[in-house]
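> The structure's right below; bear with me while I get my questions together.
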Amino acid sequence: IIIGDPDRLRAVAQDFIEHYENRVEEGATVASKGNVIVTGTIYGTVIAGAAGRTDAVIAALHMQPKKLRIGGIKVKPVIGGSYSWAKLL
């Protein structure tokens, strides 16, 4: 529970919303030892399983990536109904 002044609560809520609405922009790179889940659009490069894990996944509401890699292996997105994803088969 967050207790405090209403202006501070609004500022925290706005930071939270902006964090989740931001996109992985073209030219940006996101790398993770595990999975990468984006609640927006991926335009840049995403590397999941950067420590060599091939069981990692990449998921986003929308994908128009420059590059996707899982465990060092290049993958292509699967564009589906309400979200897009990529994983090694």
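Every chain in the structure tokens has a letter given in the order shown (A, B, ...), and although residue numbers restart at 1 in each chain, ligands are simply numbered from 1 in the order shown.
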Could you list, as a VMD selection string, every residue within 6 Å of Gly71 of chain A, counting only C-alpha atoms and ignoring same-chain residues fewer than 4 positions away?

chain A and resid 49 to 50 52 to 54

> Got time to write the residues from that selection, all heavy atoms, as a PDB file, in the first residue's frame?


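Writing done, so here's again.pdb:
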ATOM      1  N   GLY A  49      17.586 -14.701 -23.035  1.00  0.00           N
ATOM      2  CA  GLY A  49      18.492 -15.823 -22.817  1.00  0.00           C
ATOM      3  C   GLY A  49      19.930 -15.447 -23.129  1.00  0.00           C
ATOM      4  O   GLY A  49      20.705 -16.258 -23.641  1.00  0.00           O
ATOM      5  N   ALA A  50      20.300 -14.206 -22.805  1.00  0.00           N
ATOM      6  CA  ALA A  50      21.633 -13.695 -23.161  1.00  0.00           C
ATOM      7  C   ALA A  50      22.762 -14.508 -22.528  1.00  0.00           C
ATOM      8  O   ALA A  50      23.881 -14.479 -23.016  1.00  0.00           O
ATOM      9  CB  ALA A  50      21.756 -12.225 -22.759  1.00  0.00           C
ATOM     10  N   GLY A  52      22.900 -17.623 -22.610  1.00  0.00           N
ATOM     11  CA  GLY A  52      22.925 -18.910 -23.303  1.00  0.00           C
ATOM     12  C   GLY A  52      21.679 -19.762 -23.107  1.00  0.00           C
ATOM     13  O   GLY A  52      21.607 -20.874 -23.607  1.00  0.00           O
ATOM     14  N   ARG A  53      20.669 -19.243 -22.413  1.00  0.00           N
ATOM     15  CA  ARG A  53      19.438 -20.004 -22.201  1.00  0.00           C
ATOM     16  C   ARG A  53      18.617 -20.050 -23.487  1.00  0.00           C
ATOM     17  O   ARG A  53      18.226 -19.026 -24.018  1.00  0.00           O
ATOM     18  CB  ARG A  53      18.588 -19.354 -21.107  1.00  0.00           C
ATOM     19  CG  ARG A  53      19.129 -19.556 -19.723  1.00  0.00           C
ATOM     20  CD  ARG A  53      18.199 -19.023 -18.681  1.00  0.00           C
ATOM     21  NE  ARG A  53      16.830 -19.524 -18.872  1.00  0.00           N
ATOM     22  CZ  ARG A  53      15.795 -19.048 -18.211  1.00  0.00           C
ATOM     23  NH1 ARG A  53      15.943 -18.060 -17.348  1.00  0.00           N
ATOM     24  NH2 ARG A  53      14.594 -19.547 -18.411  1.00  0.00           N
ATOM     25  N   THR A  54      18.351 -21.225 -23.977  1.00  0.00           N
ATOM     26  CA  THR A  54      17.562 -21.364 -25.202  1.00  0.00           C
ATOM     27  C   THR A  54      16.084 -21.611 -24.906  1.00  0.00           C
ATOM     28  O   THR A  54      15.286 -21.727 -25.832  1.00  0.00           O
ATOM     29  CB  THR A  54      18.110 -22.511 -26.067  1.00  0.00           C
ATOM     30  OG1 THR A  54      18.104 -23.713 -25.300  1.00  0.00           O
ATOM     31  CG2 THR A  54      19.508 -22.202 -26.557  1.00  0.00           C
TER      32      THR A  54
END

> Can you pull out the residues contacting Lys33 of chain A? Cut-off 12 Å, using only C-alpha atoms, and skip same-chain residues under 2 positions away; I want them as a PyMOL selection string.

chain A and resi 30-31+35-36+46-58+69-72

> List the spatial neighbours of Tyr83 of chain A as a list in words - criterion: any atom at most 12 Å away, only C-alpha atoms, same-chain residues fewer than 4 positions off excluded.

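Counting only the stated atoms, we get Ile37, Val38, Thr39, Gly40, Thr41, Ile42, Ile58, Ala59, Ala60, Leu61, His62, Met63, Pro77, Val78 and Ile79 of chain A.
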
> What lies within 7 Å of Pro65 of chain A using only C-alpha atoms, ignoring chain neighbours under 4 positions off, as a PyMOL selection string?

chain A and resi 42-45

> May I have the selected residues written with all heavy atoms, as a PDB file, in the first residue's frame?


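In the end it all went to selection.pdb:
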ATOM      1  N   ILE A  42       7.846  -3.562 -29.857  1.00  0.00           N
ATOM      2  CA  ILE A  42       9.293  -3.728 -30.011  1.00  0.00           C
ATOM      3  C   ILE A  42       9.679  -3.253 -31.402  1.00  0.00           C
ATOM      4  O   ILE A  42       9.153  -3.745 -32.394  1.00  0.00           O
ATOM      5  CB  ILE A  42       9.713  -5.201 -29.849  1.00  0.00           C
ATOM      6  CG1 ILE A  42       9.472  -5.670 -28.409  1.00  0.00           C
ATOM      7  CG2 ILE A  42      11.173  -5.403 -30.252  1.00  0.00           C
ATOM      8  CD1 ILE A  42       9.719  -7.154 -28.213  1.00  0.00           C
ATOM      9  N   TYR A  43      10.587  -2.262 -31.462  1.00  0.00           N
ATOM     10  CA  TYR A  43      11.128  -1.793 -32.733  1.00  0.00           C
ATOM     11  C   TYR A  43      12.620  -2.090 -32.842  1.00  0.00           C
ATOM     12  O   TYR A  43      13.148  -2.184 -33.920  1.00  0.00           O
ATOM     13  CB  TYR A  43      10.927  -0.277 -32.892  1.00  0.00           C
ATOM     14  CG  TYR A  43       9.508   0.131 -33.149  1.00  0.00           C
ATOM     15  CD1 TYR A  43       8.742   0.698 -32.141  1.00  0.00           C
ATOM     16  CD2 TYR A  43       8.936  -0.041 -34.396  1.00  0.00           C
ATOM     17  CE1 TYR A  43       7.437   1.098 -32.373  1.00  0.00           C
ATOM     18  CE2 TYR A  43       7.629   0.350 -34.632  1.00  0.00           C
ATOM     19  CZ  TYR A  43       6.885   0.916 -33.616  1.00  0.00           C
ATOM     20  OH  TYR A  43       5.597   1.295 -33.856  1.00  0.00           O
ATOM     21  N   GLY A  44      13.314  -2.171 -31.736  1.00  0.00           N
ATOM     22  CA  GLY A  44      14.758  -2.321 -31.736  1.00  0.00           C
ATOM     23  C   GLY A  44      15.211  -3.770 -31.722  1.00  0.00           C
ATOM     24  O   GLY A  44      14.587  -4.646 -32.309  1.00  0.00           O
ATOM     25  N   THR A  45      16.314  -4.022 -31.011  1.00  0.00           N
ATOM     26  CA  THR A  45      16.901  -5.351 -30.896  1.00  0.00           C
ATOM     27  C   THR A  45      16.606  -5.901 -29.514  1.00  0.00           C
ATOM     28  O   THR A  45      16.799  -5.203 -28.512  1.00  0.00           O
ATOM     29  CB  THR A  45      18.428  -5.268 -31.097  1.00  0.00           C
ATOM     30  OG1 THR A  45      18.681  -4.778 -32.410  1.00  0.00           O
ATOM     31  CG2 THR A  45      19.088  -6.623 -30.926  1.00  0.00           C
TER      32      THR A  45
END

> A:Ser32, A:Gly27, A:Ile17, A:Gly81: which is nearest Lys66 of chain A, counting only C-alpha atoms?

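Among the listed residues, the smallest separation from Lys66 of chain A belongs to A:Gly27.
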
> Quick one: distance from atom CA of Val75 of chain A to atom CA of Thr29 of chain A in Å, one decimal?

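Taking atom CA of Val75 of chain A and atom CA of Thr29 of chain A, their separation equals 15.3 Å.
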
> Grab the atom CA of Gln64 of chain A to atom CA of Lys76 of chain A distance for me, in Å with one decimal place.

10.2 Å
